[in-house]
Each structure stands twice: as C-alpha cells, then as structure tokens.
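Visitor: Structure in structure tokens, see below.
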Amino acid sequence: MAKGEQRERPEVGATPGARHRKPSEPAGRAALGYTKPRTYEELRAVISSGTVNFPKRMRQVAIFLWQHPGDVALGTISRVAAQAGVQPSTLVRFAQIFGFAGFSDFQMLFKEHLKGAWPEGHAARSAEPTGEAAGDADLRFMHGLLAAAQTSLSRIGSDFDAASFERMVALLAAADLIYVIGSKRAFPVTAYVSLTLSQQGVRNVLVDNVGSNALDQIGCIGPNDMVLAVSFSPYNSITPDLVAVAHERGAKIATITDSTFSPLVKLSTAWIEVVESDFAGFRSLSASLTVGMALVHAVATRRAA
C-alpha cells in the first residue's frame, strides 16, 4: 500500500469492483465507502452500523429520518426541514453524503417504503381535518393526536423486535430488584410501569429524582439487579448518566428507546425500539405504555411460574 493511501471499508450491497470512487460520485459518499442505498432498509442499515460519525446537525437529521419515515415521504423539503429543526440545505447535504444528487432523489427511498407500510401512511393522511371536524379546531387537534397514536401503535405490529422483548423479559424476571429509570417525557411511562410491577408483587424502585437524589436512589444497585430505562430523543435528561453509573456497578440494563442513536443502546444488555409519532408538537406515549404493560405482564407471569 502506497504512503498516505487508506484502506477502504466494505460497502453495503456492493460488488468488489464497485468500491472505487467514480468521477461523478460525491466526495462524501467516497469518504463513507458505501454505495448509494437502494432501499430504505439499506439506508437504515448504514445509519445504524455505527461507522458514520455524524456532526451535530446531521445527527439531528438522522434521528428525525429514523423516527419519521412517513413525514419524510409525504413532506416537502421545507416542511421536513422545519420538523427536523434544520435548514433545507442541511437535508440536501445529508442526502449527498449517501450518494444522492439532492433531497428529491433521496426522498424516493421513503416513498417506496411507505407504499409497503400502509397503516403509517394512512394515519399520517388521516390527521388532516375532514367532515364535521374541519370547522372545529379542538376536534381537529384531537383527531390529529388520535392519528399519531394509531401510527405509533401500528409500528409495534409491523416492526416489533420480539426476540429482544423475550430477552428483556428473561433478564427482568431473574433480577433481585428492578430499578425503573426515566425522566421528563418518559417519566409517565416509568411511573406507571413501577406501579403495575408493585401491584403484581414484583419488587422494584422507581427512580423519580425527587429532591435531586437520583444518584442516592441507585446507590445500592448491584450485579444481581436490573435497570429498566426509558429514554426518548433528544436524550438530554439525567437518565443516561444514571444508567452509566448502574452499568459501572455491574447491573444489567434493559432499555426502551426510540432509535439506535440513544446513548443507552451501547450500555444495554437488551433494548427495544419504540418510535412515537407526534402531532403539532405533542408526541404520543401510547406505544411506550403498551410495551411497558406487556413487559410487566410477561415478567410477572414468568416469576410466578
């Protein structure tokens, strides 16, 4: 190998002869070492591989695209950019990283994916005001929230990782004590999970951080204990810090989160992806609560047996 020459990384879905950059390929694509994704699934595989180190704004785009493929498929570039909290030019640069000429070309991956995911596309369209609700802003808002909840729940039926769920159940059922950790928007989920675990006779501690004493609440955690953590983007709560402390003390971690970008993923023995849709800035918790209740039922049943 000549001095200064770098070894290229394997490409996703590429033949050996396709590894070298063609004159027409964008520089970003050559830097990544990947061929242009042909499907939404291939794009997700590249993003989740951990080999792409996104800058802050690009990471923000990646999280939004991961969580809201239906919005990307149906929206204009200005609308998608506004929803993601970035400039339209950032979306164009993100598309070019993966070998696309622009956002419209890139968007076709999401449109093709949406054709095979009818419930999500249907729910997104049904959020538009129709019939009697069209003249009532409050009813329009309620129907929008209902559509978001339906979209969230439909993903559980189509993309749910049953193997990870069963692994989480086995780990939680075998734990001496379960510490339930979640804050901000995740706290309603963890509070209800903790309550129902207690009602089922499963010993647990709700880490609620009352009096800013969350670190003290997990002070006695050990290798025979288990953490059930719930965390959603933008991951700016105290939860990642608490989970890191528990991990250092040998406790196993089970996580409910909404993307592979969550800082909890790398610390988790098992994790489940639950993506909640939003409407007008309000995000549903219906899918997270559903998965949480299913975990409680499964753990209680396993322990009773």
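Here, A, B, ... name the chains of the structure tokens in the order displayed, residue numbers run from 1 inside each chain, and ligands are numbered from 1 in the same displayed order.
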Any idea what's packed within 9 Å of Asp278 in chain A, counting only C-alpha atoms, ignoring anything in its chain fewer than 2 positions away? Could you give it as a list in words?
Guide: Gly144, Leu145, Ala148, Ala149, Ser152, Glu276, Ala280, Gly281, Phe282, Arg283 and Ser284 of chain A
Visitor: Determine which residues of range 193-232 of chain A receive a DSSP assignment of strand (DSSP E), computed from the backbone, and state them as a count of residues only.
Guide: 10
Visitor: Measuring atom to atom with only C-alpha atoms, identify which of A:Thr260, A:Gln83, A:Thr90, A:Ser78 is nearest to Arg57 in chain A.
Guide: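 For Arg57 in chain A, the nearest of the candidates is A:Thr90.
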Visitor: Please list as an NGL selection string every residue within 12 Å of Leu195 in chain A, counting only C-alpha atoms and excluding residues in the same chain fewer than 6 positions away.
Guide: :A and (180 or 188-189 or 201-206 or 292-293 or 296)
Visitor: Any idea what's packed within 10 Å of Ala214 in chain A, counting only C-alpha atoms, ignoring anything in its chain fewer than 4 positions away? Could you give it as a list in words?
Guide: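 Surrounding residues, per the criterion: Ile181, Leu206, Val207, Asp208, Asn209, Val210, Ile218, Gly219, Ile238, Thr239 and Leu242 of chain A.
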Visitor: Let me see the file: selected residues, C-alpha atoms, as a compact mmCIF listing (two decimals), in the first residue's frame.
Guide:
```txt
# COMPACT_ATOMS: atom_id res chain seq x y z
CA ILE A 181 -35.48 4.90 35.43
CA LEU A 206 -38.93 3.99 40.88
CA VAL A 207 -36.03 6.41 40.45
CA ASP A 208 -38.02 9.64 40.47
CA ASN A 209 -35.21 12.09 41.38
CA VAL A 210 -37.39 13.82 43.98
CA ILE A 218 -29.49 3.88 42.85
CA GLY A 219 -26.73 3.88 45.44
CA ILE A 238 -30.44 12.62 33.61
CA THR A 239 -31.30 9.07 32.51
CA LEU A 242 -27.87 7.18 35.91
```
Visitor: My list of candidates is A:Val274, A:Ala186, A:Ala84, A:Ala300. Which is closest to Ser158 in chain A when distances are computed with only C-alpha atoms?
Guide: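 Closest to Ser158 in chain A, using only C-alpha atoms: A:Val274.
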Visitor: In terms of the shortest atom-to-atom distance over only C-alpha atoms, which of A:Val291, A:Met226, A:Val86, A:Ala45 is closest to Leu177 in chain A?
Guide: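 Closest residue, counting only C-alpha atoms: A:Met226.
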Visitor: Residues within 8 Å of Gly102 in chain A, please, as a list in words. Count only C-alpha atoms; anything in the same chain fewer than 5 positions from it doesn't count.
Guide: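 Here the answer would be Val92, Arg93, Ala95 and Gln96 of chain A.
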Visitor: CA of Gln199 in chain A and CA of Ala163 in chain A are how many Å apart?
Guide: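 Computing the Euclidean distance for CA of Gln199 in chain A and CA of Ala163 in chain A yields 26.3 Å.
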